[in-house]
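Undergrad: One structure coming up, written as structure tokens, with questions to follow.
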Amino acid sequence: MQAGGVDRAGRLAALGIVGLTLAMLLLIVGPFGADGEADAGASGVITVVATTGQVGDLLAAVGGDRVRVESLMGPGVDPHLYKASERDVGTLAGADAIFYSGLHLEGKMGDILERVGQRHPVVAVTEELPAANLRQPPEFEGNFDPHVWFDASLWLGTIDRAERALTELDPDGAATYAANAAAYRAELEALDAYAREQIALSPPER
């Protein structure tokens, strides 16, 4: 074979290797962009991570079919003491956004949430609750009681924040998020009314 033929064959082989490498990279990267963030437009579904099950339930209710929710902490896990594992860090880094309760509930995760927040939206769903409506018992040493989901009227205040954040991530889903938020709001209002009725049946001294 002449030298020109050898060079041409070598170039073709090199191009083939480059093409195969690019194809493998596309398979590995999948729906994720070059910076590691998920491409919501590719599948029509955005991926969000919730620190707790309560926040996960909120996002599932407002997000509906347009949002895939993964909660880090399962039932029975103490969020005050929870330490993120290496797998959790990877999960956080691969999400479109991270949602957490706030009010220092996820005490030991603060540093990780701050670092991840440099590249991904990180949202505290309780951040807009009026301070006047929060409890500040002595045992919390000057901080607010973060267990606000026990009061349906307080948890209602997290819906607008979740809806707005999801809409910012996925503007095409604005109408869906608004409708889902309205339905969830009505559900919590009914729950709050039921709770007040039941409490009213209890003797004042109890």
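As shown in the structure tokens, the chain order sets the letters A, B, ...; within each chain, residues go from 1, and ligands are also counted from 1 in the order they appear.
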For the contact check between segment 151-180 of chain A and segment 184-199 of chain A, emit one row per residue of segment 151-180 of chain A within 12 Å, containing the shortest atom pair and the distance in Å rounded to one decimal, counting only C-alpha atoms, chain then rising number order, as a Markdown table.

TA:
```
| residue | atom | partner | partner_atom | distance |
| --- | --- | --- | --- | --- |
| A:Asp151 | CA | A:Asp192 | CA | 7.6 |
| A:Ala152 | CA | A:Asp192 | CA | 5.3 |
| A:Ser153 | CA | A:Asp192 | CA | 6.0 |
| A:Leu154 | CA | A:Asp192 | CA | 9.5 |
| A:Trp155 | CA | A:Leu188 | CA | 8.0 |
| A:Leu156 | CA | A:Arg185 | CA | 6.4 |
| A:Gly157 | CA | A:Arg185 | CA | 9.2 |
| A:Thr158 | CA | A:Arg185 | CA | 9.8 |
| A:Ile159 | CA | A:Arg185 | CA | 7.2 |
| A:Asp160 | CA | A:Arg185 | CA | 9.3 |
| A:Ala162 | CA | A:Tyr184 | CA | 11.6 |
| A:Glu163 | CA | A:Tyr184 | CA | 10.9 |
| A:Tyr177 | CA | A:Tyr184 | CA | 10.3 |
| A:Ala178 | CA | A:Tyr184 | CA | 9.9 |
| A:Ala179 | CA | A:Tyr184 | CA | 8.7 |
| A:Asn180 | CA | A:Tyr184 | CA | 6.1 |
```

Undergrad: If we count only C-alpha atoms, what is near Tyr100 of chain A at a cut-off of 8 Å, once residues fewer than 3 positions away on the same chain are taken out, given as a ChimeraX atom specification?

TA: /A:50-52,55,106,122-125

Undergrad: Suppose we keep N, CA and C atoms; can you now write the selection as a tab-separated table (two decimals), in the first residue's frame?

TA:
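What landed in out_27.tsv:
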```tsv
chain	number	residue	atom	x	y	z
A	50	ALA	N	-35.68	16.93	47.50
A	50	ALA	CA	-36.22	17.47	48.75
A	50	ALA	C	-35.46	16.84	49.90
A	51	THR	N	-35.15	17.63	50.91
A	51	THR	CA	-34.42	17.07	52.04
A	51	THR	C	-35.30	16.14	52.87
A	52	THR	N	-36.54	16.53	53.08
A	52	THR	CA	-37.43	15.74	53.95
A	52	THR	C	-38.66	15.27	53.18
A	55	VAL	N	-41.29	18.12	52.64
A	55	VAL	CA	-40.99	18.99	51.50
A	55	VAL	C	-41.22	18.23	50.20
A	106	GLU	N	-32.67	21.36	59.01
A	106	GLU	CA	-31.60	20.50	58.48
A	106	GLU	C	-30.23	21.02	58.95
A	122	VAL	N	-31.23	26.59	45.22
A	122	VAL	CA	-31.53	25.97	46.51
A	122	VAL	C	-32.58	26.83	47.20
A	123	VAL	N	-33.71	26.21	47.54
A	123	VAL	CA	-34.87	26.97	48.02
A	123	VAL	C	-35.30	26.47	49.39
A	124	ALA	N	-35.44	27.38	50.34
A	124	ALA	CA	-36.02	27.07	51.65
A	124	ALA	C	-37.52	27.38	51.56
A	125	VAL	N	-38.35	26.37	51.67
A	125	VAL	CA	-39.79	26.59	51.43
A	125	VAL	C	-40.44	27.42	52.53
```

Undergrad: Pick from A:Glu128, A:Glu168, A:Asp65, A:Asp78: nearest to Gly107 of chain A, with only C-alpha atoms counted?

TA: A:Asp78

Undergrad: Which residue out of A:Asn133, A:Ser202, A:Thr126, A:Thr91 has the minimum interatomic distance to Gln54 of chain A when only C-alpha atoms are used?

TA: A:Thr126

Undergrad: Would you please extract all strand (DSSP E or B) residues from segment 79-143 of chain A, as assigned by DSSP on the backbone, and give them as number ranges by chain?

TA: A: 97-100, 122-124

Undergrad: Using only C-alpha atoms, which of the listed residues (A:Gly64, A:Pro79, A:Gly110, A:Gly117) sits closest to Asp96 of chain A?

TA: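 Checking each candidate against Asp96 of chain A, we get A:Gly117 as the closest.
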
Undergrad: Using only C-alpha atoms, which residues sit within 9 Å of Lys108 of chain A once same-chain residues fewer than 6 positions away are excluded, as a list in words?

TA: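 Near neighbours after the sequence-gap exclusion: Pro79, His80, Leu81, Tyr82, Lys83 and Ala84 of chain A.
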
Undergrad: Write out as a count of residues only the residues lying within 9 Å of segment 134-147 of chain A, counting only C-alpha atoms and excluding same-chain residues fewer than 4 positions away.

TA: 10

Undergrad: Residues at most 10 Å from Ala97 of chain A, counting only C-alpha atoms, excluding those fewer than 3 positions away in the same chain, as a short mmCIF file (atom, residue, chain, number, x, y, z; two decimals) with N, CA and C atoms, in the first residue's frame?

TA:
```
data_model
loop_
_atom_site.label_atom_id
_atom_site.label_comp_id
_atom_site.auth_asym_id
_atom_site.auth_seq_id
_atom_site.Cartn_x
_atom_site.Cartn_y
_atom_site.Cartn_z
N GLU A 37 -26.12 19.82 34.81
CA GLU A 37 -27.51 20.06 35.15
C GLU A 37 -28.42 19.35 34.17
N ALA A 38 -29.54 18.86 34.67
CA ALA A 38 -30.48 18.14 33.82
C ALA A 38 -31.13 19.08 32.82
N ILE A 46 -38.70 17.95 35.14
CA ILE A 46 -37.55 18.45 35.87
C ILE A 46 -37.34 17.59 37.11
N THR A 47 -36.10 17.51 37.55
CA THR A 47 -35.73 16.69 38.70
C THR A 47 -35.38 17.59 39.87
N VAL A 48 -36.06 17.39 40.99
CA VAL A 48 -35.78 18.17 42.18
C VAL A 48 -35.53 17.22 43.35
N VAL A 49 -34.69 17.67 44.26
CA VAL A 49 -34.40 16.91 45.47
C VAL A 49 -34.97 17.64 46.67
N ALA A 50 -35.68 16.93 47.50
CA ALA A 50 -36.22 17.47 48.75
C ALA A 50 -35.46 16.84 49.90
N LEU A 92 -27.76 15.44 45.00
CA LEU A 92 -27.96 16.88 45.04
C LEU A 92 -27.33 17.55 43.82
N ALA A 93 -26.13 17.10 43.46
CA ALA A 93 -25.42 17.72 42.34
C ALA A 93 -26.10 17.45 41.01
N GLY A 94 -26.85 16.35 40.91
CA GLY A 94 -27.50 16.00 39.65
C GLY A 94 -28.90 16.54 39.49
N VAL A 116 -23.68 23.46 47.31
CA VAL A 116 -24.46 23.07 46.13
C VAL A 116 -25.17 24.29 45.55
N GLY A 117 -25.55 25.23 46.41
CA GLY A 117 -26.25 26.42 45.96
C GLY A 117 -25.43 27.32 45.07
N ARG A 119 -24.09 26.32 42.39
CA ARG A 119 -24.32 25.87 41.01
C ARG A 119 -25.77 25.55 40.71
N HIS A 120 -26.57 25.33 41.72
CA HIS A 120 -27.96 24.93 41.52
C HIS A 120 -28.86 25.80 42.39
N PRO A 121 -30.10 26.04 41.95
CA PRO A 121 -31.04 26.75 42.82
C PRO A 121 -31.31 25.95 44.09
N VAL A 122 -31.23 26.59 45.22
CA VAL A 122 -31.53 25.97 46.51
C VAL A 122 -32.58 26.83 47.20
N VAL A 123 -33.71 26.21 47.54
CA VAL A 123 -34.87 26.97 48.02
C VAL A 123 -35.30 26.47 49.39
N ALA A 165 -40.91 28.87 42.56
CA ALA A 165 -39.61 28.28 42.23
C ALA A 165 -39.73 27.29 41.07
N LEU A 166 -40.75 26.46 41.08
CA LEU A 166 -40.94 25.50 39.99
C LEU A 166 -41.23 26.21 38.68
N LEU A 169 -38.08 27.44 37.17
CA LEU A 169 -37.33 26.35 36.56
C LEU A 169 -37.95 25.89 35.25
#
```

Undergrad: One decimal, in Å: what's the spacing between atom CA of Ile98 of chain A and atom CA of Leu72 of chain A?

TA: 10.5 Å

Undergrad: Which residue is closest to Ala60 of chain A? Choose from A:Ala181, A:Ala200, A:Met109, A:Ala95 and count only C-alpha atoms.

TA: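 Looking at the shortest contact to Ala60 of chain A, the residue is A:Ala181.
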
Undergrad: Could you please determine the separation between atom CA of Ala61 of chain A and atom CA of Gly173 of chain A in Å, to one decimal place?

TA: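 Rounded to one decimal, the two atoms are 13.7 Å apart.
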
Undergrad: To one decimal in Å, tell me the separation between atom CA of Ala182 of chain A and atom CA of Val62 of chain A.

TA: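 Atom CA of Val62 of chain A lies 8.6 Å from atom CA of Ala182 of chain A.
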
Undergrad: Based on DSSP run over this structure's backbone, return all residues of segment 92-206 of chain A in helix (DSSP H, G or I), as a ChimeraX atom specification.

TA: /A:92-93,107-116,131-133,138-140,148-150,152-169,171-200

Undergrad: Limited to C-alpha atoms, could you put the picked residues into a file as a compact mmCIF listing (two decimals), in the first residue's frame?

TA:
```
# COMPACT_ATOMS: atom_id res chain seq x y z
CA LEU A 92 -27.96 16.88 45.04
CA ALA A 93 -25.42 17.72 42.34
CA GLY A 107 -28.90 21.71 60.86
CA LYS A 108 -25.97 19.53 59.78
CA MET A 109 -26.66 19.93 56.07
CA GLY A 110 -26.18 23.69 56.04
CA ASP A 111 -22.65 23.65 54.61
CA ILE A 112 -23.53 21.17 51.86
CA LEU A 113 -26.62 23.13 50.84
CA GLU A 114 -24.52 26.30 50.69
CA ARG A 115 -21.91 24.66 48.46
CA VAL A 116 -24.46 23.07 46.13
CA ALA A 131 -42.11 35.64 61.82
CA ALA A 132 -45.14 36.78 63.81
CA ASN A 133 -46.85 33.46 63.03
CA PRO A 138 -37.39 28.47 75.09
CA GLU A 139 -36.03 25.04 74.17
CA PHE A 140 -35.05 26.32 70.71
CA VAL A 148 -44.25 24.10 60.91
CA TRP A 149 -45.96 21.29 58.94
CA PHE A 150 -47.83 20.36 62.14
CA ALA A 152 -51.72 23.32 58.27
CA SER A 153 -52.29 27.09 58.29
CA LEU A 154 -48.51 27.61 58.48
CA TRP A 155 -47.65 24.97 55.89
CA LEU A 156 -50.06 26.73 53.55
CA GLY A 157 -47.47 29.50 53.39
CA THR A 158 -44.96 27.22 51.69
CA ILE A 159 -47.12 26.60 48.61
CA ASP A 160 -46.55 29.96 46.92
CA ARG A 161 -42.78 29.66 47.35
CA ALA A 162 -42.74 26.18 45.83
CA GLU A 163 -45.00 27.21 42.95
CA ARG A 164 -42.87 30.23 42.10
CA ALA A 165 -39.61 28.28 42.23
CA LEU A 166 -40.94 25.50 39.99
CA THR A 167 -42.29 28.05 37.53
CA GLU A 168 -38.88 29.72 37.35
CA LEU A 169 -37.33 26.35 36.56
CA PRO A 171 -41.94 28.36 32.71
CA ASP A 172 -43.89 26.13 30.29
CA GLY A 173 -45.49 24.43 33.29
CA ALA A 174 -46.76 27.64 34.90
CA ALA A 175 -50.44 26.86 34.34
CA THR A 176 -50.04 23.32 35.69
CA TYR A 177 -48.22 24.52 38.79
CA ALA A 178 -50.81 27.21 39.44
CA ALA A 179 -53.68 24.71 39.18
CA ASN A 180 -51.93 22.15 41.36
CA ALA A 181 -51.05 24.80 43.93
CA ALA A 182 -54.68 25.95 44.10
CA ALA A 183 -55.89 22.38 44.62
CA TYR A 184 -53.30 21.71 47.34
CA ARG A 185 -54.14 25.02 49.00
CA ALA A 186 -57.82 24.04 49.14
CA GLU A 187 -56.86 20.66 50.62
CA LEU A 188 -54.80 22.23 53.40
CA GLU A 189 -57.46 24.83 54.12
CA ALA A 190 -59.99 22.03 54.58
CA LEU A 191 -57.54 20.19 56.83
CA ASP A 192 -56.96 23.31 58.90
CA ALA A 193 -60.71 23.84 59.31
CA TYR A 194 -61.16 20.20 60.37
CA ALA A 195 -58.32 20.49 62.91
CA ARG A 196 -59.84 23.62 64.42
CA GLU A 197 -63.23 21.93 64.70
CA GLN A 198 -61.73 18.95 66.49
CA ILE A 199 -59.68 21.14 68.84
CA ALA A 200 -62.81 23.12 69.69
```
